[in-house]
file input.txt (compact mmCIF, C-alpha atoms and all ligand atoms)
# COMPACT_ATOMS: atom_id res chain seq x y z
CA MET M 1 106.13 115.69 72.98
CA LYS M 2 105.01 118.75 74.86
CA LEU M 3 106.33 120.00 78.20
CA SER M 4 104.41 122.22 80.63
CA PHE M 5 105.26 123.21 84.20
CA SER M 6 104.08 125.29 87.15
CA PRO M 7 105.52 126.40 90.51
CA TYR M 8 103.88 125.38 93.79
CA THR M 9 104.68 125.76 97.50
CA LEU M 10 104.42 122.74 99.78
CA GLU M 11 103.34 123.69 103.31
CA LEU M 12 104.87 121.61 106.10
CA ARG M 13 102.82 120.25 109.00
CA HIS M 14 105.56 121.26 111.47
CA THR M 15 108.43 123.72 111.32
CA PHE M 16 111.19 121.45 109.99
CA THR M 17 114.57 121.88 111.68
CA VAL M 18 117.78 120.09 110.75
CA ALA M 19 121.40 120.89 111.67
CA ALA M 20 121.55 123.53 108.89
CA GLY M 21 118.38 125.52 109.75
CA SER M 22 114.55 125.68 109.90
CA ARG M 23 111.75 126.12 107.39
CA VAL M 24 107.92 125.93 107.12
CA THR M 25 107.54 125.59 103.34
CA THR M 26 109.41 123.95 100.46
CA PRO M 27 109.26 125.34 96.91
CA VAL M 28 108.55 122.80 94.16
CA VAL M 29 107.81 122.86 90.43
CA PHE M 30 105.46 120.33 88.83
CA THR M 31 106.03 119.19 85.25
CA GLN M 32 103.85 117.45 82.69
CA ILE M 33 105.05 115.83 79.47
CA GLU M 34 102.26 115.04 77.03
CA HIS M 35 102.35 112.74 74.02
CA ASP M 36 99.39 111.38 72.03
CA GLY M 37 96.95 112.42 74.76
CA VAL M 38 98.90 110.64 77.53
CA ILE M 39 100.34 112.76 80.37
CA GLY M 40 103.43 111.97 82.46
CA TYR M 41 103.77 113.80 85.79
CA GLY M 42 107.00 114.99 87.39
CA GLU M 43 108.21 117.14 90.25
CA ALA M 44 111.28 119.13 91.29
CA SER M 45 111.73 119.89 95.01
CA MET M 46 114.20 122.56 96.11
CA PRO M 47 115.15 122.55 99.79
CA PRO M 48 117.23 125.75 100.05
CA TYR M 49 120.54 124.15 101.06
CA LEU M 50 120.96 122.44 97.66
CA GLY M 51 121.16 125.72 95.75
CA GLU M 52 118.26 125.38 93.31
CA SER M 53 115.14 127.57 93.46
CA GLN M 54 111.81 127.87 91.66
CA GLU M 55 113.44 130.58 89.54
CA SER M 56 116.41 128.40 88.53
CA VAL M 57 114.15 125.43 87.76
CA LEU M 58 111.71 127.54 85.70
CA ASN M 59 114.66 129.05 83.79
CA PHE M 60 116.08 125.61 83.07
CA LEU M 61 112.73 124.13 81.99
CA ALA M 62 112.14 127.12 79.68
CA LYS M 63 115.24 126.00 77.72
CA VAL M 64 113.92 122.45 77.20
CA ASN M 65 112.27 121.96 73.82
CA LEU M 66 110.96 118.41 73.53
CA SER M 67 109.17 119.00 70.21
CA ARG M 68 112.22 117.51 68.45
CA PHE M 69 111.49 114.13 70.12
CA SER M 70 108.61 111.96 68.91
CA ASP M 71 109.28 108.73 70.88
CA PRO M 72 108.90 108.89 74.70
CA LEU M 73 110.54 105.45 74.92
CA ASP M 74 113.84 106.98 73.72
CA ILE M 75 114.65 107.66 77.36
CA ASP M 76 118.46 107.52 76.98
CA GLY M 77 118.41 109.98 74.09
CA ILE M 78 116.03 112.45 75.71
CA LEU M 79 117.76 112.44 79.11
CA SER M 80 121.19 112.79 77.54
CA PHE M 81 119.94 115.85 75.61
CA ILE M 82 118.51 117.33 78.83
CA ASP M 83 121.62 116.62 80.92
CA HIS M 84 123.86 118.38 78.41
CA LEU M 85 121.78 121.60 78.34
CA ALA M 86 123.55 122.91 81.46
CA PRO M 87 125.53 121.49 84.40
CA GLY M 88 123.88 121.17 87.85
CA ASN M 89 120.10 121.73 87.96
CA ASN M 90 119.66 118.24 89.42
CA ALA M 91 116.10 118.73 90.71
CA ALA M 92 115.01 120.40 87.46
CA LYS M 93 116.41 117.44 85.52
CA ALA M 94 114.71 115.01 87.93
CA SER M 95 111.33 116.64 87.25
CA LEU M 96 111.75 115.84 83.55
CA ASP M 97 113.13 112.34 84.16
CA ILE M 98 110.17 111.47 86.42
CA ALA M 99 107.56 112.82 83.98
CA LEU M 100 109.25 110.99 81.12
CA HIS M 101 109.33 107.68 83.02
CA ASP M 102 105.67 108.12 84.01
CA LEU M 103 104.75 108.79 80.37
CA ALA M 104 106.88 105.98 78.90
CA SER M 105 105.65 103.33 81.34
CA LYS M 106 102.05 104.46 80.81
CA MET M 107 102.56 104.07 77.05
CA ALA M 108 104.05 100.61 77.67
CA GLY M 109 101.01 99.78 79.84
CA MET M 110 103.11 98.83 82.88
CA PRO M 111 103.68 100.12 86.40
CA LEU M 112 107.09 101.78 86.54
CA TYR M 113 108.73 99.01 88.57
CA ARG M 114 107.88 96.44 85.89
CA PHE M 115 108.93 98.82 83.13
CA LEU M 116 112.34 99.00 84.88
CA GLY M 117 112.52 95.24 85.41
CA ILE M 118 112.27 95.51 89.22
CA GLY M 119 110.14 93.37 91.56
CA ILE M 120 108.18 94.61 94.57
CA GLN M 121 108.61 91.59 96.86
CA ALA M 122 111.38 93.15 98.94
CA VAL M 123 110.00 96.62 99.72
CA PRO M 124 111.54 97.78 103.04
CA ASP M 125 109.68 99.66 105.77
CA THR M 126 109.75 103.39 105.20
CA SER M 127 110.98 105.58 108.02
CA TYR M 128 109.29 108.69 109.40
CA THR M 129 111.46 111.74 110.05
CA ILE M 130 111.44 113.62 113.34
CA GLY M 131 113.13 117.02 113.00
CA ILE M 132 115.16 118.75 115.71
CA ASP M 133 112.77 120.19 118.30
CA THR M 134 112.06 120.59 122.00
CA PRO M 135 111.67 117.29 123.89
CA GLU M 136 107.93 118.03 124.34
CA ARG M 137 107.29 118.55 120.62
CA VAL M 138 109.47 115.58 119.71
CA LYS M 139 107.22 113.43 121.89
CA GLU M 140 104.11 114.68 120.02
CA LYS M 141 105.73 113.74 116.71
CA VAL M 142 106.48 110.24 117.96
CA LYS M 143 102.73 109.85 118.60
CA GLU M 144 101.94 111.01 115.05
CA ALA M 145 104.32 108.37 113.68
CA SER M 146 102.33 105.43 115.04
CA GLU M 147 101.88 103.90 111.55
CA PHE M 148 105.65 103.72 110.95
CA ASN M 149 107.99 100.94 112.11
CA LEU M 150 111.24 102.94 111.85
CA LEU M 151 111.86 106.51 113.01
CA LYS M 152 114.60 108.72 111.59
CA ILE M 153 115.77 111.22 114.16
CA LYS M 154 117.46 114.43 113.05
CA LEU M 155 120.43 115.16 115.31
CA GLY M 156 123.45 117.46 115.15
CA SER M 157 122.30 120.15 117.60
CA ALA M 158 123.42 120.95 121.16
CA ASN M 159 120.57 118.89 122.69
CA ASP M 160 121.04 115.57 120.84
CA LYS M 161 121.01 113.47 124.00
CA GLU M 162 117.90 115.19 125.35
CA ILE M 163 116.03 114.52 122.06
CA VAL M 164 117.06 110.85 121.97
CA GLU M 165 116.11 110.32 125.62
CA ALA M 166 112.70 111.96 125.02
CA ILE M 167 112.04 109.62 122.09
CA ARG M 168 113.24 106.53 123.92
CA SER M 169 110.89 107.40 126.81
CA MET M 170 108.01 107.10 124.29
CA THR M 171 108.83 104.13 122.06
CA ASN M 172 110.89 100.97 121.67
CA LYS M 173 110.81 101.14 117.84
CA PRO M 174 114.06 100.84 115.91
CA LEU M 175 115.59 104.26 115.25
CA CYS M 176 118.13 105.74 112.88
CA ALA M 177 119.86 109.11 113.06
CA ASP M 178 120.50 111.71 110.37
CA ILE M 179 123.11 114.22 111.46
CA ASN M 180 123.06 116.30 108.24
CA GLN M 181 126.84 116.99 108.63
CA GLY M 182 126.13 118.44 112.08
CA TRP M 183 128.94 116.82 114.10
CA GLN M 184 132.33 118.39 113.54
CA ASP M 185 134.76 115.99 115.23
CA LYS M 186 135.31 112.31 114.39
CA ALA M 187 136.15 111.19 117.96
CA PHE M 188 133.01 112.90 119.31
CA ALA M 189 131.01 111.27 116.50
CA LEU M 190 132.35 107.81 117.39
CA ASP M 191 131.42 108.29 121.07
CA MET M 192 127.91 109.36 120.09
CA ILE M 193 127.51 106.39 117.74
CA HIS M 194 128.48 103.93 120.50
CA TRP M 195 125.90 105.59 122.77
CA LEU M 196 123.20 105.46 120.04
CA LYS M 197 123.90 101.81 119.29
CA GLU M 198 123.16 100.93 122.92
CA LEU M 199 119.78 102.68 122.49
CA GLY M 200 118.74 100.60 119.46
CA PHE M 201 119.81 102.82 116.57
CA LYS M 202 120.33 100.93 113.29
CA PHE M 203 122.44 103.31 111.18
CA ILE M 204 123.82 106.85 111.04
CA GLU M 205 123.43 109.20 108.09
CA GLN M 206 126.03 111.85 107.13
CA PRO M 207 127.56 112.39 110.59
CA LEU M 208 130.39 114.71 109.47
CA PRO M 209 130.76 117.49 106.88
CA LYS M 210 130.98 115.90 103.44
CA GLU M 211 134.36 117.51 102.70
CA LEU M 212 136.04 115.52 105.54
CA THR M 213 136.38 112.35 103.46
CA ASP M 214 139.38 110.97 105.40
CA ASP M 215 137.65 111.50 108.76
CA ILE M 216 134.46 109.87 107.40
CA ALA M 217 136.45 106.86 106.16
CA TRP M 218 138.10 106.54 109.59
CA LEU M 219 134.73 106.81 111.35
CA THR M 220 133.20 104.17 109.04
CA SER M 221 136.12 101.80 109.80
CA GLN M 222 135.65 102.25 113.58
CA SER M 223 131.87 102.59 113.84
CA PRO M 224 129.71 99.80 115.28
CA LEU M 225 126.82 101.07 113.05
CA PRO M 226 126.72 101.56 109.26
CA ILE M 227 127.54 105.10 108.08
CA ILE M 228 125.31 106.19 105.19
CA ALA M 229 126.21 109.03 102.79
CA ASP M 230 123.59 111.62 101.89
CA GLU M 231 124.95 115.13 101.24
CA GLY M 232 128.32 113.56 100.28
CA ILE M 233 127.01 111.64 97.25
CA LYS M 234 124.62 113.16 94.73
CA ARG M 235 125.17 111.61 91.29
CA PHE M 236 126.74 108.45 89.90
CA ASP M 237 130.22 110.01 89.55
CA ASP M 238 130.22 111.00 93.25
CA LEU M 239 129.21 107.45 94.15
CA VAL M 240 132.18 105.95 92.31
CA LYS M 241 134.51 108.48 93.94
CA PHE M 242 133.26 108.50 97.54
CA LEU M 243 131.37 105.26 98.29
CA GLY M 244 134.54 103.71 99.74
CA ALA M 245 134.45 106.19 102.64
CA TYR M 246 130.98 105.06 103.73
CA SER M 247 129.07 101.83 104.46
CA GLY M 248 126.34 102.84 102.04
CA VAL M 249 124.41 105.60 100.30
CA ASN M 250 121.04 107.35 100.50
CA VAL M 251 119.99 107.82 96.85
CA LYS M 252 117.41 110.56 96.19
CA LEU M 253 115.84 111.45 92.84
CA MET M 254 116.39 115.19 93.45
CA LYS M 255 120.15 114.62 93.83
CA SER M 256 120.63 111.95 91.18
CA THR M 257 118.73 113.85 88.41
CA GLY M 258 115.97 111.25 88.51
CA ILE M 259 115.08 107.59 88.16
CA TYR M 260 117.48 106.66 85.37
CA GLU M 261 120.62 107.59 87.29
CA ALA M 262 119.19 106.57 90.69
CA LYS M 263 118.74 103.02 89.40
CA ARG M 264 122.30 102.98 88.04
CA MET M 265 123.56 104.16 91.44
CA LEU M 266 121.60 101.51 93.35
CA ASP M 267 122.75 98.76 91.01
CA TYR M 268 126.38 99.86 91.41
CA ALA M 269 126.19 100.17 95.21
CA ASN M 270 124.43 96.80 95.56
CA LYS M 271 127.09 95.13 93.42
CA ALA M 272 129.77 96.71 95.60
CA GLY M 273 128.14 95.16 98.67
CA ALA M 274 127.27 98.57 100.13
CA LYS M 275 124.08 99.40 102.04
CA THR M 276 121.48 101.15 99.93
CA MET M 277 118.69 103.51 100.83
CA ILE M 278 116.11 105.41 98.79
CA GLY M 279 115.23 108.79 100.27
CA CYS M 280 113.39 111.99 99.42
CA MET M 281 113.30 115.72 100.10
CA THR M 282 110.04 117.38 101.15
CA GLU M 283 108.09 116.18 98.13
CA SER M 284 104.48 115.49 97.19
CA SER M 285 103.28 111.98 96.43
CA CYS M 286 104.28 112.56 92.78
CA ALA M 287 108.08 112.30 93.16
CA VAL M 288 107.84 109.99 96.18
CA SER M 289 105.65 107.49 94.31
CA ALA M 290 108.25 107.43 91.56
CA ALA M 291 111.02 106.74 94.09
CA ALA M 292 108.98 103.99 95.75
CA HIS M 293 109.16 101.93 92.55
CA LEU M 294 112.93 101.62 93.17
CA SER M 295 112.61 100.65 96.82
CA SER M 296 112.98 96.89 96.31
CA LEU M 297 116.58 97.61 95.28
CA THR M 298 117.34 98.95 98.77
CA GLN M 299 117.60 97.88 102.41
CA TYR M 300 116.14 101.14 103.74
CA ALA M 301 113.43 103.48 102.48
CA ASP M 302 112.93 107.01 103.78
CA LEU M 303 109.96 108.13 101.69
CA ASP M 304 107.98 110.19 104.18
CA GLY M 305 107.83 113.50 102.22
CA PRO M 306 104.07 113.43 101.52
CA PHE M 307 103.34 112.63 105.19
CA LEU M 308 105.14 115.79 106.32
CA ILE M 309 103.07 118.24 104.20
CA LYS M 310 99.49 119.49 104.46
CA ASN M 311 98.67 120.55 100.88
CA ASN M 312 99.65 117.56 98.71
CA PRO M 313 98.11 118.32 95.29
CA PHE M 314 98.31 114.63 94.28
CA GLU M 315 96.31 111.72 95.69
CA ASP M 316 97.78 110.46 98.94
CA ILE M 317 100.21 107.59 99.19
CA ARG M 318 98.94 104.66 101.22
CA LEU M 319 100.89 102.80 103.85
CA GLU M 320 100.38 99.23 105.04
CA ASN M 321 102.34 97.68 107.91
CA GLY M 322 104.87 100.51 107.66
CA LYS M 323 105.50 99.99 103.93
CA ILE M 324 104.42 102.21 101.03
CA ILE M 325 101.91 100.47 98.79
CA ILE M 326 103.26 100.61 95.25
CA SER M 327 100.54 101.16 92.67
CA ASP M 328 99.93 98.50 90.04
CA THR M 329 98.47 100.96 87.51
CA PRO M 330 100.61 101.98 84.52
CA GLY M 331 103.20 104.68 85.23
CA ILE M 332 104.28 105.95 88.63
CA GLY M 333 100.70 105.56 89.86
CA VAL M 334 99.65 109.05 90.93
CA ASN M 335 96.91 111.40 89.79
CA PRO M 336 96.26 115.01 90.70
CA ARG M 337 93.69 115.33 93.49
CA LYS M 338 90.24 116.01 92.01
MG MG M 401 119.79 112.99 105.06

call {"tool": "encode", "arguments": {"input": "input.txt", "output": "structure tokens"}}
result
Amino acid sequence: MKLSFSPYTLELRHTFTVAAGSRVTTPVVFTQIEHDGVIGYGEASMPPYLGESQESVLNFLAKVNLSRFSDPLDIDGILSFIDHLAPGNNAAKASLDIALHDLASKMAGMPLYRFLGIGIQAVPDTSYTIGIDTPERVKEKVKEASEFNLLKIKLGSANDKEIVEAIRSMTNKPLCADINQGWQDKAFALDMIHWLKELGFKFIEQPLPKELTDDIAWLTSQSPLPIIADEGIKRFDDLVKFLGAYSGVNVKLMKSTGIYEAKRMLDYANKAGAKTMIGCMTESSCAVSAAAHLSSLTQYADLDGPFLIKNNPFEDIRLENGKIIISDTPGIGVNPRK
């Protein structure tokens, strides 16, 4: 098996602002694993707050020699080898895991969801993210989101109430809020959640800093809306340790090191009776298509990455009635744009 990779910069349609800061681009690295003339595609996305960069991903990938493996279906063996090369590097590892799953399911002649033994009957609506902005620009974004049935509002700034009121003046759609650790006080958070529930919000993502586990557990026990972990839970071990403090978890391939561990996390959380969500970073339709194959295992999907960028190098993802259409072709179902 042969690995190749190249850096790329995704350009965002709008300046993207969350509680931690703003950006207009997201660095990614695309991977390809080739075997017997079949190519599997993968992607690593590195939003700056997670600590990886194009440089760190390229350095990690340069250490990966897959020539010792001759069977792409030996997914456990290959991923275990990759995971033990160095700690961290979650997005870099995800780019290999995705390419390997694309390749293996192509060789098996199945779409990824079937290869993983998952159905596609229960695909949830995917939400569309509206970043922190002025009320006027927030209103424009609500108009752009007409195809989506659920809007995810980024909060955690000084003008949270102004943003929510601007959105509610435009639409009656169900909403959810992602605070990105932006609220600092549990009593303030609980007041805000009561207010948001009255306005039709369905759940709240990462309201408090991830280190405040006791405060998060208290908030979850008091909150009238489910509290979903994002920054607080990256890999399977974090899930086992911290799920009890939350109502559920937002699983993302770039945090979990890819599909293999994301599926384990969703299976575990579902068995525990927790809420489950599949999310993404700013990603092209390559990594997001891969994630979509897991979406039947979840109650919520937040797979809007490709809709927030203007230079997607892969064919676009299609949406129908607010749901991502999952490809029935072998693999993850994406091809580079011609
Ligand atoms: Mg989030």

call {"tool": "residues_near_ligand", "arguments": {"input": "input.txt", "ligand": "ligand MG 401 (chain M)", "cutoff": "9 Å", "atoms": "all atoms listed in the file", "output": "PyMOL selection string"}}
result
chain M and resi 154+177-181+205-206+228-231+250+279-281

call {"tool": "atom_distance", "arguments": {"input": "input.txt", "atom1": "CA of Gly305 (chain M)", "atom2": "CA of Ile227 (chain M)"}}
result
22.2 Å

call {"tool": "atom_distance", "arguments": {"input": "input.txt", "atom1": "CA of Leu79 (chain M)", "atom2": "CA of Phe5 (chain M)"}}
result
17.3 Å

call {"tool": "closest_atom_pairs", "arguments": {"input": "input.txt", "of": "region 284-303 of chain M", "to": "region 41-47 of chain M", "cutoff": "9 Å", "atoms": "all atoms listed in the file", "output": "JSON lines"}}
result
{"residue": "M:Ser284", "atom": "CA", "partner": "M:Glu43", "partner_atom": "CA", "distance": 8.0}
{"residue": "M:Cys286", "atom": "CA", "partner": "M:Gly42", "partner_atom": "CA", "distance": 6.5}
{"residue": "M:Ala287", "atom": "CA", "partner": "M:Glu43", "partner_atom": "CA", "distance": 5.6}
{"residue": "M:Ala290", "atom": "CA", "partner": "M:Gly42", "partner_atom": "CA", "distance": 8.7}

call {"tool": "atom_distance", "arguments": {"input": "input.txt", "atom1": "CA of Val29 (chain M)", "atom2": "CA of Asn312 (chain M)"}}
result
12.8 Å

call {"tool": "closest_atom_pairs", "arguments": {"input": "input.txt", "of": "region 162-197 of chain M", "to": "region 210-217 of chain M", "cutoff": "12 Å", "atoms": "all atoms listed in the file", "output": "tab-separated table"}}
result
residue	atom	partner	partner_atom	distance
M:Ile179	CA	M:Lys210	CA	11.4
M:Asn180	CA	M:Lys210	CA	9.3
M:Gln181	CA	M:Lys210	CA	6.7
M:Gly182	CA	M:Lys210	CA	10.2
M:Trp183	CA	M:Lys210	CA	10.9
M:Gln184	CA	M:Leu212	CA	9.3
M:Asp185	CA	M:Asp215	CA	8.4
M:Lys186	CA	M:Asp215	CA	6.2
M:Ala187	CA	M:Asp215	CA	9.3
M:Phe188	CA	M:Asp215	CA	11.6
M:Ala189	CA	M:Ile216	CA	9.8
M:Leu190	CA	M:Ile216	CA	10.4

call {"tool": "residues_around", "arguments": {"input": "input.txt", "residues": "Ile33 (chain M)", "least_positions_apart": "3", "cutoff": "12 Å", "atoms": "only C-alpha atoms", "output": "NGL selection string"}}
result
:M and (1-5 or 30 or 36-43 or 61 or 64-67 or 69-72 or 95-104 or 106)

call {"tool": "closest_residue", "arguments": {"input": "input.txt", "among": "M:Ala94, M:Leu58, M:Ile332, M:Met170", "to": "Ala262 (chain M)", "atoms": "only C-alpha atoms"}}
result
M:Ala94

call {"tool": "closest_residue", "arguments": {"input": "input.txt", "among": "M:Ala62, M:Leu85, M:Val334, M:Leu155", "to": "Pro207 (chain M)", "atoms": "all atoms listed in the file"}}
result
M:Leu155

call {"tool": "closest_residue", "arguments": {"input": "input.txt", "among": "M:Asp328, M:Glu52, M:Glu136, M:Asp316", "to": "Glu162 (chain M)", "atoms": "only C-alpha atoms"}}
result
M:Glu136

call {"tool": "residues_around", "arguments": {"input": "input.txt", "residues": "Lys241 (chain M)", "least_positions_apart": "6", "cutoff": "12 Å", "atoms": "all atoms listed in the file", "output": "count of residues only"}}
result
6

call {"tool": "residues_around", "arguments": {"input": "input.txt", "residues": "Gly88 (chain M)", "least_positions_apart": "3", "cutoff": "12 Å", "atoms": "all atoms listed in the file", "output": "list of chain:residue names"}}
result
M:Leu50, M:Gly51, M:Glu52, M:Ser56, M:Val57, M:Phe60, M:Ile82, M:Asp83, M:His84, M:Leu85, M:Ala91, M:Ala92, M:Lys93, M:Ala94, M:Lys234, M:Arg235, M:Met254, M:Lys255, M:Ser256, M:Thr257

call {"tool": "residues_near_point", "arguments": {"input": "input.txt", "point": "(126.6, 101.1, 114.2)", "cutoff": "12 Å", "atoms": "only C-alpha atoms", "output": "PyMOL selection string"}}
result
chain M and resi 175-177+189-205+207+219-228+247

call {"tool": "write_last_selection", "arguments": {"input": "input.txt", "atoms": "C-alpha atoms", "output": "PDB file, in the frame of the given file"}}
result
ATOM      1  CA  LEU M 175     115.590 104.260 115.250  1.00  0.00           C
ATOM      2  CA  CYS M 176     118.130 105.740 112.880  1.00  0.00           C
ATOM      3  CA  ALA M 177     119.860 109.110 113.060  1.00  0.00           C
ATOM      4  CA  ALA M 189     131.010 111.270 116.500  1.00  0.00           C
ATOM      5  CA  LEU M 190     132.350 107.810 117.390  1.00  0.00           C
ATOM      6  CA  ASP M 191     131.420 108.290 121.070  1.00  0.00           C
ATOM      7  CA  MET M 192     127.910 109.360 120.090  1.00  0.00           C
ATOM      8  CA  ILE M 193     127.510 106.390 117.740  1.00  0.00           C
ATOM      9  CA  HIS M 194     128.480 103.930 120.500  1.00  0.00           C
ATOM     10  CA  TRP M 195     125.900 105.590 122.770  1.00  0.00           C
ATOM     11  CA  LEU M 196     123.200 105.460 120.040  1.00  0.00           C
ATOM     12  CA  LYS M 197     123.900 101.810 119.290  1.00  0.00           C
ATOM     13  CA  GLU M 198     123.160 100.930 122.920  1.00  0.00           C
ATOM     14  CA  LEU M 199     119.780 102.680 122.490  1.00  0.00           C
ATOM     15  CA  GLY M 200     118.740 100.600 119.460  1.00  0.00           C
ATOM     16  CA  PHE M 201     119.810 102.820 116.570  1.00  0.00           C
ATOM     17  CA  LYS M 202     120.330 100.930 113.290  1.00  0.00           C
ATOM     18  CA  PHE M 203     122.440 103.310 111.180  1.00  0.00           C
ATOM     19  CA  ILE M 204     123.820 106.850 111.040  1.00  0.00           C
ATOM     20  CA  GLU M 205     123.430 109.200 108.090  1.00  0.00           C
ATOM     21  CA  PRO M 207     127.560 112.390 110.590  1.00  0.00           C
ATOM     22  CA  LEU M 219     134.730 106.810 111.350  1.00  0.00           C
ATOM     23  CA  THR M 220     133.200 104.170 109.040  1.00  0.00           C
ATOM     24  CA  SER M 221     136.120 101.800 109.800  1.00  0.00           C
ATOM     25  CA  GLN M 222     135.650 102.250 113.580  1.00  0.00           C
ATOM     26  CA  SER M 223     131.870 102.590 113.840  1.00  0.00           C
ATOM     27  CA  PRO M 224     129.710  99.800 115.280  1.00  0.00           C
ATOM     28  CA  LEU M 225     126.820 101.070 113.050  1.00  0.00           C
ATOM     29  CA  PRO M 226     126.720 101.560 109.260  1.00  0.00           C
ATOM     30  CA  ILE M 227     127.540 105.100 108.080  1.00  0.00           C
ATOM     31  CA  ILE M 228     125.310 106.190 105.190  1.00  0.00           C
ATOM     32  CA  SER M 247     129.070 101.830 104.460  1.00  0.00           C
TER      33      SER M 247
END

call {"tool": "closest_residue", "arguments": {"input": "input.txt", "among": "M:Lys139, M:Glu261, M:Gly273, M:Leu243", "to": "Ser80 (chain M)", "atoms": "all atoms listed in the file"}}
result
M:Glu261

call {"tool": "closest_residue", "arguments": {"input": "input.txt", "among": "M:Ile325, M:Ala108, M:Ala145, M:Ile259", "to": "Leu308 (chain M)", "atoms": "only C-alpha atoms"}}
result
M:Ala145

call {"tool": "residues_around", "arguments": {"input": "input.txt", "residues": "region 114-125 of chain M", "least_positions_apart": "6", "cutoff": "7 Å", "atoms": "only C-alpha atoms", "output": "list in words"}}
result
Ser105, Asn149, Ser295, Ser296, Gln299, Tyr300, Ala301, Gly322 and Lys323 of chain M

call {"tool": "residues_around", "arguments": {"input": "input.txt", "residues": "Val164 (chain M)", "least_positions_apart": "3", "cutoff": "9 Å", "atoms": "all atoms listed in the file", "output": "list in words"}}
result
Pro135, Ile153, Leu155, Asn159, Asp160, Lys161, Ile167, Arg168, Ser169, Leu196 and Leu199 of chain M

call {"tool": "closest_residue", "arguments": {"input": "input.txt", "among": "M:Ile317, M:Met265, M:Ala19, M:Ile75", "to": "Glu283 (chain M)", "atoms": "only C-alpha atoms"}}
result
M:Ile317

call {"tool": "decode", "arguments": {"input": "input.txt", "residues": "region 127-140 of chain M", "atoms": "N, CA and C atoms", "output": "PDB file, in the first residue's frame"}}
result
ATOM      1  N   SER M 127     -27.508  20.031  10.928  1.00  0.00           N
ATOM      2  CA  SER M 127     -27.692  21.445  11.277  1.00  0.00           C
ATOM      3  C   SER M 127     -26.738  22.312  10.467  1.00  0.00           C
ATOM      4  N   TYR M 128     -27.048  23.595  10.413  1.00  0.00           N
ATOM      5  CA  TYR M 128     -26.209  24.580   9.729  1.00  0.00           C
ATOM      6  C   TYR M 128     -25.734  25.575  10.780  1.00  0.00           C
ATOM      7  N   THR M 129     -24.423  25.837  10.798  1.00  0.00           N
ATOM      8  CA  THR M 129     -23.836  26.645  11.859  1.00  0.00           C
ATOM      9  C   THR M 129     -23.833  28.132  11.523  1.00  0.00           C
ATOM     10  N   ILE M 130     -24.262  28.921  12.480  1.00  0.00           N
ATOM     11  CA  ILE M 130     -24.221  30.378  12.336  1.00  0.00           C
ATOM     12  C   ILE M 130     -23.253  30.919  13.380  1.00  0.00           C
ATOM     13  N   GLY M 131     -22.105  31.436  12.907  1.00  0.00           N
ATOM     14  CA  GLY M 131     -21.057  31.922  13.801  1.00  0.00           C
ATOM     15  C   GLY M 131     -21.467  33.233  14.470  1.00  0.00           C
ATOM     16  N   ILE M 132     -20.688  33.620  15.477  1.00  0.00           N
ATOM     17  CA  ILE M 132     -20.947  34.868  16.197  1.00  0.00           C
ATOM     18  C   ILE M 132     -20.739  36.035  15.232  1.00  0.00           C
ATOM     19  N   ASP M 133     -21.696  36.963  15.205  1.00  0.00           N
ATOM     20  CA  ASP M 133     -21.603  38.064  14.238  1.00  0.00           C
ATOM     21  C   ASP M 133     -22.534  39.186  14.670  1.00  0.00           C
ATOM     22  N   THR M 134     -22.560  40.253  13.892  1.00  0.00           N
ATOM     23  CA  THR M 134     -23.508  41.336  14.175  1.00  0.00           C
ATOM     24  C   THR M 134     -24.918  40.837  13.872  1.00  0.00           C
ATOM     25  N   PRO M 135     -25.948  41.395  14.527  1.00  0.00           N
ATOM     26  CA  PRO M 135     -27.311  40.945  14.251  1.00  0.00           C
ATOM     27  C   PRO M 135     -27.645  41.023  12.750  1.00  0.00           C
ATOM     28  N   GLU M 136     -27.168  42.053  12.052  1.00  0.00           N
ATOM     29  CA  GLU M 136     -27.475  42.179  10.621  1.00  0.00           C
ATOM     30  C   GLU M 136     -26.902  41.011   9.823  1.00  0.00           C
ATOM     31  N   ARG M 137     -25.630  40.682  10.076  1.00  0.00           N
ATOM     32  CA  ARG M 137     -25.003  39.588   9.316  1.00  0.00           C
ATOM     33  C   ARG M 137     -25.570  38.233   9.710  1.00  0.00           C
ATOM     34  N   VAL M 138     -25.937  38.090  10.986  1.00  0.00           N
ATOM     35  CA  VAL M 138     -26.576  36.855  11.429  1.00  0.00           C
ATOM     36  C   VAL M 138     -27.874  36.638  10.653  1.00  0.00           C
ATOM     37  N   LYS M 139     -28.612  37.707  10.425  1.00  0.00           N
ATOM     38  CA  LYS M 139     -29.872  37.591   9.678  1.00  0.00           C
ATOM     39  C   LYS M 139     -29.612  37.125   8.239  1.00  0.00           C
ATOM     40  N   GLU M 140     -28.556  37.655   7.605  1.00  0.00           N
ATOM     41  CA  GLU M 140     -28.202  37.199   6.243  1.00  0.00           C
ATOM     42  C   GLU M 140     -27.899  35.704   6.228  1.00  0.00           C
TER      43      GLU M 140
END
